[in-house]
Amino acid sequence: MNNINVGRPTYRTETIEDQKLIIKCYQDNFNKIKAFPKLPINEIKKWQFKRLKWLVKHSYETLPFYHKKYKENNFHPDKFKTFNDFKKIPVVTKEELIEAWPNNLVSKLHNTEFTTRSSGSSGKFVTVAVDKKAVIFDTIIGIRQLNMQSLNKVNPQDLILQIYTCPWWFNSIGGLYESLFLPTTEPYDKTAQVIYSLKPKVLSLYPSYLKPLSNFITDQDNLKLKLIITHSEQSTLIERERLSEKLGVSILDEYSSEELTRIALECPNHNYHIEEDSCYIEILDENNEIVEQDKKGEVIGTNLLNEATPLIRYRQGDIAKLSNNNICNCGSNFRQISELLGRKGDFFIMPDGKVVAPGTLMDAVYNWFLKYNIPIHGLQYQIIQNRMDDIILNLAGRKLNSNEIILIEKQLKEILGDNINVNINFLEQLENKNWKHKCVISHVNKSGD
């Protein structure tokens, strides 16, 4: 276990003042946050409208990007008087954000103390700034998620193990709901050793990482896990139920993104409820018109928390449809997503039989920035396995220097195997669609699992 990197990255350290702020916010707001999903629908919409109106005005007045975009589209915040007026606001694309960062995309009232980057699941990286208040509220809303999905079985003293790209912003709330972190680049057997040693009550991880990891978790009676949360990749209810039966613990999904935070959560009744106090979701057609309920369209989201780089009517890149029926026995009055077509990559099968999850490969790319300080903003990638021992990495958006190429090739071989051929190509652009294209593709393992 000494070789396992349990902990947090060193690029930002929590301060005593940080903890004072989050403890006070938790004490002042958690009961209201916990009760919000069960408010009458008209009160939820009234709160959303007030918040949207404020964000639009704030963005126009403090960010050059929005001021210019709204003026060019003959829109002014004073015109925003009803929800119908909100539909007239122009949508925002990843490409626009990439071009505007950072000079025109950070509010003059905030800074870049906290920044986040899209996970690269679309194959393209976007950078945004996040204000501290948003980080704190997002952390507290995460506690509501634990309570809802576990049916209040998770206690404040329970340990949470996050197996992901990087740790959450806060590792606890005054010592409560403590979380530890493991990178998805760790081998499954070593991760299982850590799980048996620490005995966390909650696991939060990619579904593609959970599947092979489950083969090393064979003694649930010893672990007594209370909840497993999957996120960041598409998985099916059947897949989650099979793993749930195998592991003897409830496995529920989280639909989220770095840009919009939590978008929708699967409740114990297996309905996906939109997190209406984190983001406002619309489903649009190819002409940017609202589609009828229960019809598929593109997910357009507005982050209701972040004021540093507000994302207003942002093209998330997924395809989904809203449900006509928002009644659920869990008691939430939040709208429901009835179908979601998001991100799914292929597993790589290596010559020695090792299975590498697509989430591990996506996080390896993200770590180009976290571990090696390689700029990834605006970079687009696609990793393709043509043969078991032959990998192609296609890149577009910017060229890398020779040292960066050496680091990347070495990192991929550490994950895939020393005898693997890694060929790096620089292209003018990669395949681009209106929804998220596959960025991890195997022509060896066509079944995808």
# chains A, B, ... in the order shown; residues from 1 in each chain; ligands from 1
>>> residues_around(residues="range 99-101 of chain A", least_positions_apart="4", cutoff="7 Å", atoms="only C-alpha atoms", output="list in words")
Phe65, Glu95 and Leu105 of chain A
>>> closest_atom_pairs(of="range 255-281 of chain A", to="range 37-56 of chain A", cutoff="9 Å", atoms="only C-alpha atoms", output="tab-separated table")
residue	atom	partner	partner_atom	distance
A:Glu275	CA	A:Pro37	CA	8.2
A:Glu276	CA	A:Ile44	CA	7.6
A:Asp277	CA	A:Gln48	CA	7.2
A:Cys279	CA	A:Gln48	CA	9.0
A:Tyr280	CA	A:Gln48	CA	7.5
>>> select_by_dssp(residues="range 79-302 of chain A", states="alpha helix (DSSP H)", output="JSON, numbers by chain")
{"A": [83, 84, 85, 86, 94, 95, 96, 97, 98, 99, 100, 132, 133, 134, 135, 136, 137, 138, 139, 140, 141, 142, 143, 144, 145, 146, 147, 148, 149, 188, 189, 190, 191, 192, 193, 194, 195, 196, 197, 198, 207, 208, 209, 210, 211, 212, 213, 220, 221, 222, 223, 237, 238, 239, 240, 241, 242, 243, 244, 245, 246, 247]}
>>> select_by_dssp(residues="range 218-326 of chain A", states="strand (DSSP E or B)", output="count of residues only")
44
>>> residues_around(residues="range 388-404 of chain A", least_positions_apart="6", cutoff="7 Å", atoms="only C-alpha atoms", output="list in words")
Ile349, Met350, Pro351, Ile374, Gly378, Leu379, Gln380, Tyr381, Gln382, Ile420, Asn421, Val422, Asn423, Ile424, Asn425, Phe426, Leu427, Glu428, Gln429, Leu430 and Val444 of chain A
>>> write_last_selection(atoms="C-alpha atoms", output="PDB file, in the first residue's frame")
ATOM      1  CA  ILE A 349      -7.411  -5.303 -24.121  1.00  0.00           C
ATOM      2  CA  MET A 350      -3.616  -5.498 -24.030  1.00  0.00           C
ATOM      3  CA  PRO A 351      -1.347  -8.370 -25.223  1.00  0.00           C
ATOM      4  CA  ILE A 374       1.415  20.483 -20.191  1.00  0.00           C
ATOM      5  CA  GLY A 378      -8.151  23.945 -26.416  1.00  0.00           C
ATOM      6  CA  LEU A 379      -6.433  20.615 -27.043  1.00  0.00           C
ATOM      7  CA  GLN A 380      -8.495  17.875 -28.683  1.00  0.00           C
ATOM      8  CA  TYR A 381      -7.542  14.214 -28.633  1.00  0.00           C
ATOM      9  CA  GLN A 382      -8.554  10.725 -29.687  1.00  0.00           C
ATOM     10  CA  ILE A 420       3.191  -1.080 -26.861  1.00  0.00           C
ATOM     11  CA  ASN A 421       3.798   1.099 -29.914  1.00  0.00           C
ATOM     12  CA  VAL A 422       2.459   4.634 -29.346  1.00  0.00           C
ATOM     13  CA  ASN A 423       2.163   6.744 -32.499  1.00  0.00           C
ATOM     14  CA  ILE A 424       1.358  10.443 -31.995  1.00  0.00           C
ATOM     15  CA  ASN A 425      -0.196  12.371 -34.888  1.00  0.00           C
ATOM     16  CA  PHE A 426      -0.925  16.093 -35.083  1.00  0.00           C
ATOM     17  CA  LEU A 427      -3.970  16.901 -37.223  1.00  0.00           C
ATOM     18  CA  GLU A 428      -5.620  20.136 -38.286  1.00  0.00           C
ATOM     19  CA  GLN A 429      -8.843  18.996 -36.658  1.00  0.00           C
ATOM     20  CA  LEU A 430     -10.511  15.847 -35.387  1.00  0.00           C
ATOM     21  CA  VAL A 444      -9.638  -4.891 -31.109  1.00  0.00           C
TER      22      VAL A 444
END
>>> closest_residue(among="A:Lys190, A:Lys201, A:Lys224, A:Lys108", to="Glu178 in chain A", atoms="only C-alpha atoms")
A:Lys201
>>> atom_distance(atom1="CA of Gln27 in chain A", atom2="CA of Arg144 in chain A")
13.4 Å
>>> residues_around(residues="Leu237 in chain A", least_positions_apart="3", cutoff="10 Å", atoms="only C-alpha atoms", output="list of chain:residue names")
A:Arg240, A:Glu241, A:Arg242, A:Leu243, A:Ile251, A:Leu252, A:Asp253, A:Glu266, A:His270
>>> write_last_selection(atoms="C-alpha atoms", output="short mmCIF file (atom, residue, chain, number, x, y, z; two decimals), in the first residue's frame")
data_model
loop_
_atom_site.label_atom_id
_atom_site.label_comp_id
_atom_site.auth_asym_id
_atom_site.auth_seq_id
_atom_site.Cartn_x
_atom_site.Cartn_y
_atom_site.Cartn_z
CA ARG A 240 -25.36 -1.11 -12.68
CA GLU A 241 -27.88 -3.62 -11.33
CA ARG A 242 -25.66 -6.57 -12.29
CA LEU A 243 -22.70 -5.00 -10.48
CA ILE A 251 -24.98 1.57 -7.31
CA LEU A 252 -26.53 4.81 -8.55
CA ASP A 253 -25.48 7.17 -11.30
CA GLU A 266 -30.34 8.81 -10.25
CA HIS A 270 -33.93 4.87 -10.83
#
>>> closest_residue(among="A:Asn333, A:Leu407, A:Lys133, A:Lys24", to="Lys371 in chain A", atoms="only C-alpha atoms")
A:Leu407
>>> closest_residue(among="A:Asn326, A:Asn288, A:Asn419, A:Gln19", to="Pro90 in chain A", atoms="only C-alpha atoms")
A:Asn288
>>> closest_residue(among="A:Glu61, A:Asp346, A:Glu14, A:Glu96", to="Val128 in chain A", atoms="only C-alpha atoms")
A:Glu96
